[in-house]
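A short worksheet on the structure shown next.
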Protein chains: 2
Amino acid sequence: MTRAGAARPDAIRRHNLGLLLTQIHRDGELSRAELTQRLDLSRSTVRALVAELAELGLVEEHVPSGGERAGRPSHLVGPRSDGPYAIAVDVDITHITTAAVGVGGHVLARDVTATDPSPSPPATVARAIVAAAERLGTQVARGAWPIGIGVSLPGTVGRQDGLVELAPNLGWRDAAFGEILTGLTPAGLPVSIGNDADVAVLAEHLRGNGRDCDDLVYLMGRIGVGAGVIVNGAPLRGRDGHAGEVGHTVVDASGPKCHCGQRGCVETYIGDNALLELAGRKASPTVDHTDQLFTDAHTGDKRAADAVRTVAQALGRTVATLVNLLNPELVILGGSLAGVLEFARADIRASLDSFAMTTARDAVQLRPPALGEDSALVGAAELAFARLLDDPLVRP
Amino acid sequence: MTRAGAARPDAIRRHNLGLLLTQIHRDGELSRAELTQRLDLSRSTVRALVAELAELGLVEEHVPSGGERAGRPSHLVGPRSDGPYAIAVDVDITHITTAAVGVGGHVLARDVTATDPSPSPPATVARAIVAAAERLGTQVARGAWPIGIGVSLPGTVGRQDGLVELAPNLGWRDAAFGEILTGLTPAGLPVSIGNDADVAVLAEHLRGNGRDCDDLVYLMGRIGVGAGVIVNGAPLRGRDGHAGEVGHTVVDASGPKCHCGQRGCVETYIGDNALLELAGRKASPTVDHTDQLFTDAHTGDKRAADAVRTVAQALGRTVATLVNLLNPELVILGGSLAGVLEFARADIRASLDSFAMTTARDAVQLRPPALGEDSALVGAAELAFARLLDDPLVRP
């Protein structure tokens, strides 16, 4: 029988410590007065909570200097540069970006490692991450400490175990990546792994274009296509953590062959390979090559422009399926889909209009990611921060 | 700025009253000892909470009689027959079912009204509901009181306002049904309206096959097709309450014309009209006619059997889209789709296997609704109970 969640005093204090730290993490420096109002607690309670977080080394307080106003100004509470940090990792096909991300979501230090061979097997990627984390450790402020490793990668990731079922563009299948990385990591440092679109939507929800939005989708389009979904303000993961595999919805059962074994998947119409092929280019599907194609489309290359418009039409139909089923307030188009949106928004809208139900389609906003290429990296940091924000008294 | 939800003593008491009443509502009579364990509170606190709910007339306590065990038995706490009840309504094309549903989900009295003309305009339906509610009021125990009206109907319903955007099989479009019904209802009795699949999934989650499941879909197939979705244990509604319109996902853009204006919608392949047409029957799409078709299929009518199998194949593909995107633990197939599942489960599975990703598809269970035809009615009662369970001190 599960507990029904009745609240008790000690649990309340820890809960409130978490709420307070979450405010700072979300918005950066805040006055005690602002925190008192947001948490709807007494001033003395907030003072005590802040003191406890400061003693734990998680925040610091100072009296604002200067200012014109009369009276005693409210103390400011903010992250400290020698506080806890997340080791955030964005695993891409050709390189791995590793960053130290502090409370507040600031990138304190960043390390980019090219992978050779590209793509690399799981153990190689894990070793590269651990080496990068060690380098980052020397770049952060003295006394700062890592709280965990959060990894974003382009594949389907198990909800609990960090098993990567399928990461086709890394060439991984049933890879026990969580276990491998944990085995190489200093004892006690927790490892969390997430799908790139799943963590990108977390980041945009917290710090990007989805900030004030409880129902949104991040549709990530690169070689593969996947969606990260927030419903009722919380991530939609599903039973196994595999939700969002919209790239393998079959649009036409007699369509082009997909690497997943089916035919006519969404990915074969709006992924980078489709985009380059439609433009008659034999180039490999890298960011450089798709960026070049968008530049060419903008500067009058008709074949490139037509290719983007054709992808836009298929994209509109995919967005329509998401809109009919999820009725989101916002769909963020990331990866190369941001380029498609920039060049051919009207084509996406026209296709969406013909394939989706009225109210839901008229209401939905289409936007690029505010964090650009960093959405997944910043989201990976959130995976590592989750435990600390849930209970600031927890120790790795 | 929204409040961050810090807990305070008065709010805690009301919260705990709600939790306790919710336990009784969910499971019926429970001992104080069981409640103490579930809520993880002290015995004296639970005794006080029960006393307060009893004083409000919401529950009653008694000492269990008989029994073999030594010592003082724990008091039993349960719903009372002269307590609050929901007026639950299931609006169908040809008839309206209205029921008084008590705490615990028991149907205390039931009233079925045939609609003439069929289907009926919103005002006619609203008048029929109010008349049925009055009749029910004479059938419940003396002293019992209605807490609100919850209505299920086959259409897209606005999240807050009860505006029915589109209920094609009722012939309604942009019908201010919530407003109309509220205008005819005794002052102060709140009215809540929901889509049939949305409330059916609520009922199955609370009392049916989805009880221990946090991620499930109820796919309702009658003339129209729609999905009710639970994610992370809570309803997926979307920005406007229009989520779940899976019936209008376009499977083939050159397919049959759909009443929504598009071509090749899911509904045109797995709805009742498709089923009857595939079997070469010109019958109107009523439950009697589809039931007859299933009976014929089971007793060797080859054309009927082939029609069910063809629908099963298209249904498997629709389920695959839901599985790829939502990775649910369970998909409940309701309405005539329950008949398709019973006759052609293997065909649905084969199609699902060819169209969905591996882990998610292997894990998903396919089941009929445990509450059968009453899922939507019982779910409609939950719409009316929600306010009371959230805060038992609230009064209409």
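By order in the structure tokens, chains are A, B, ...; within a chain, residues start at 1; ligands start at 1, following the order shown.
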
For A:Thr98, list every protein, DNA or RNA residue within 12 Å, evaluated using only C-alpha atoms, and leave out those in the same chain fewer than 4 positions away; present the list as a VMD selection string.
-> chain A and resid 86 to 92 107 to 114 125 to 126 128 to 137 149 to 152 374 376 to 378 380 to 381

May I have the residues within 9 Å of stretch 287-301 of chain B as a ChimeraX atom specification, using only C-alpha atoms and disregarding those fewer than 6 positions away in the same chain?
-> /B:222,272,275-276,279,307-308,335-336,339-340,343

Please determine the contact residues of chain A with respect to chain B at a cut-off of 8 Å, counting only C-alpha atoms, and supply them as a PyMOL selection string.
-> chain A and resi 1-7+12+15-16+19+37-41+165+215+231-232+236-246+248-252+262+320-321+323-329+354-357+359-360

Determine which residues of stretch 169-320 of chain A receive a DSSP assignment of strand (DSSP E), computed from the backbone, and state them as a PyMOL selection string.
-> chain A and resi 172-175+191-195+216-221+225-231+234-235

Using N, CA and C atoms, can you write the selected residues to a file as a compact mmCIF listing (two decimals), in the first residue's frame?
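The result, written out as part10.txt:
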# COMPACT_ATOMS: atom_id res chain seq x y z
N TRP A 172 24.53 2.27 -31.12
CA TRP A 172 24.37 1.52 -29.87
C TRP A 172 23.03 0.81 -29.86
N ARG A 173 23.01 -0.39 -29.30
CA ARG A 173 21.76 -1.10 -29.09
C ARG A 173 21.89 -1.87 -27.77
N ASP A 174 20.91 -1.69 -26.89
CA ASP A 174 20.94 -2.33 -25.57
C ASP A 174 22.28 -2.11 -24.87
N ALA A 175 22.73 -0.88 -24.86
CA ALA A 175 24.01 -0.54 -24.23
C ALA A 175 23.77 -0.17 -22.77
N VAL A 191 24.85 9.04 -11.47
CA VAL A 191 24.81 9.25 -12.92
C VAL A 191 23.35 9.18 -13.38
N SER A 192 22.90 10.17 -14.15
CA SER A 192 21.56 10.12 -14.73
C SER A 192 21.68 10.33 -16.23
N ILE A 193 20.90 9.59 -16.97
CA ILE A 193 20.98 9.65 -18.42
C ILE A 193 19.61 9.92 -19.00
N GLY A 194 19.55 10.77 -20.01
CA GLY A 194 18.26 11.08 -20.61
C GLY A 194 18.37 11.20 -22.12
N ASN A 195 17.25 11.05 -22.77
CA ASN A 195 17.14 11.27 -24.21
C ASN A 195 17.31 12.76 -24.51
N LEU A 216 3.96 21.56 -23.30
CA LEU A 216 4.78 21.88 -24.47
C LEU A 216 5.51 20.67 -24.99
N VAL A 217 5.94 20.78 -26.22
CA VAL A 217 6.69 19.73 -26.89
C VAL A 217 7.97 20.34 -27.45
N TYR A 218 9.09 19.63 -27.29
CA TYR A 218 10.32 19.99 -27.97
C TYR A 218 10.53 18.92 -29.04
N LEU A 219 10.36 19.30 -30.30
CA LEU A 219 10.57 18.35 -31.39
C LEU A 219 11.99 18.56 -31.92
N MET A 220 12.84 17.57 -31.67
CA MET A 220 14.25 17.65 -32.02
C MET A 220 14.45 16.94 -33.34
N GLY A 221 14.96 17.64 -34.32
CA GLY A 221 15.20 17.01 -35.61
C GLY A 221 16.65 17.15 -36.02
N VAL A 225 14.68 11.91 -35.35
CA VAL A 225 13.64 12.85 -34.91
C VAL A 225 12.99 12.29 -33.65
N GLY A 226 12.91 13.11 -32.62
CA GLY A 226 12.25 12.67 -31.39
C GLY A 226 11.61 13.85 -30.69
N ALA A 227 10.71 13.55 -29.78
CA ALA A 227 10.03 14.62 -29.05
C ALA A 227 10.25 14.48 -27.56
N GLY A 228 10.45 15.61 -26.90
CA GLY A 228 10.40 15.67 -25.45
C GLY A 228 9.11 16.39 -25.11
N VAL A 229 8.36 15.86 -24.16
CA VAL A 229 7.02 16.38 -23.90
C VAL A 229 6.86 16.72 -22.42
N ILE A 230 6.31 17.90 -22.16
CA ILE A 230 5.91 18.29 -20.80
C ILE A 230 4.38 18.33 -20.78
N VAL A 231 3.79 17.64 -19.81
CA VAL A 231 2.34 17.61 -19.64
C VAL A 231 2.03 18.00 -18.20
N ALA A 234 4.99 18.61 -16.00
CA ALA A 234 5.95 17.55 -15.66
C ALA A 234 6.28 16.72 -16.90
N PRO A 235 7.46 16.11 -16.93
CA PRO A 235 7.86 15.35 -18.12
C PRO A 235 6.97 14.14 -18.36

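Residue nearest A:Arg207 within the list A:Val331, A:Leu393, A:Ala370, A:Ala11: A:Ala370 [criterion: smallest interatomic distance, only C-alpha atoms].
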
Any idea what's packed within 9 Å of A:Glu204, counting only C-alpha atoms, ignoring anything in its chain fewer than 6 positions away? Could you give it as an MDAnalysis selection string?
-> chainID A and resid 210:211 218 332 369:371 375 378:379

Quick one: distance from atom CA of A:His259 to atom CA of A:Gly224 in Å, one decimal?
->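 About the pair atom CA of A:His259 and atom CA of A:Gly224: they are 9.9 Å apart.
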
Backbone DSSP call of helix (DSSP H, G or I) for stretch 196-251 of chain A, listed as number ranges by chain = A: 196-207, 246-248

Spatial neighbours of A:Ser65, 12 Å, only C-alpha atoms, chain gap at least 5 places, as a ChimeraX atom specification | /A:72-76

Write out as a PyMOL selection string which residues come within 7 Å of A:Ile270 when counting only C-alpha atoms, dropping same-chain ones fewer than 6 positions away.
-> chain A and resi 311+314-315

Determine, counting only C-alpha atoms, which protein, DNA and RNA residues have an atom within 12 Å of an atom of B:Gly188; residues of the same chain fewer than 4 positions away are not included. Present the result as a ChimeraX atom specification.
-> /B:146-149,182-184,394-396

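In this structure, atom CA of B:Pro154 sits 17.6 Å away from atom CA of B:Glu179.
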
One decimal, Å: what's the distance from atom CA of B:Ala200 over to atom CA of B:Ala305, could you say?
->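 We find that atom CA of B:Ala200 and atom CA of B:Ala305 lie 27.7 Å from each other.
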
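Restricting the calculation to only C-alpha atoms, the smallest distance between A:Pro79 and any of A:Leu153, A:Ala187, A:Leu30, A:Ala100 is found for A:Leu30.
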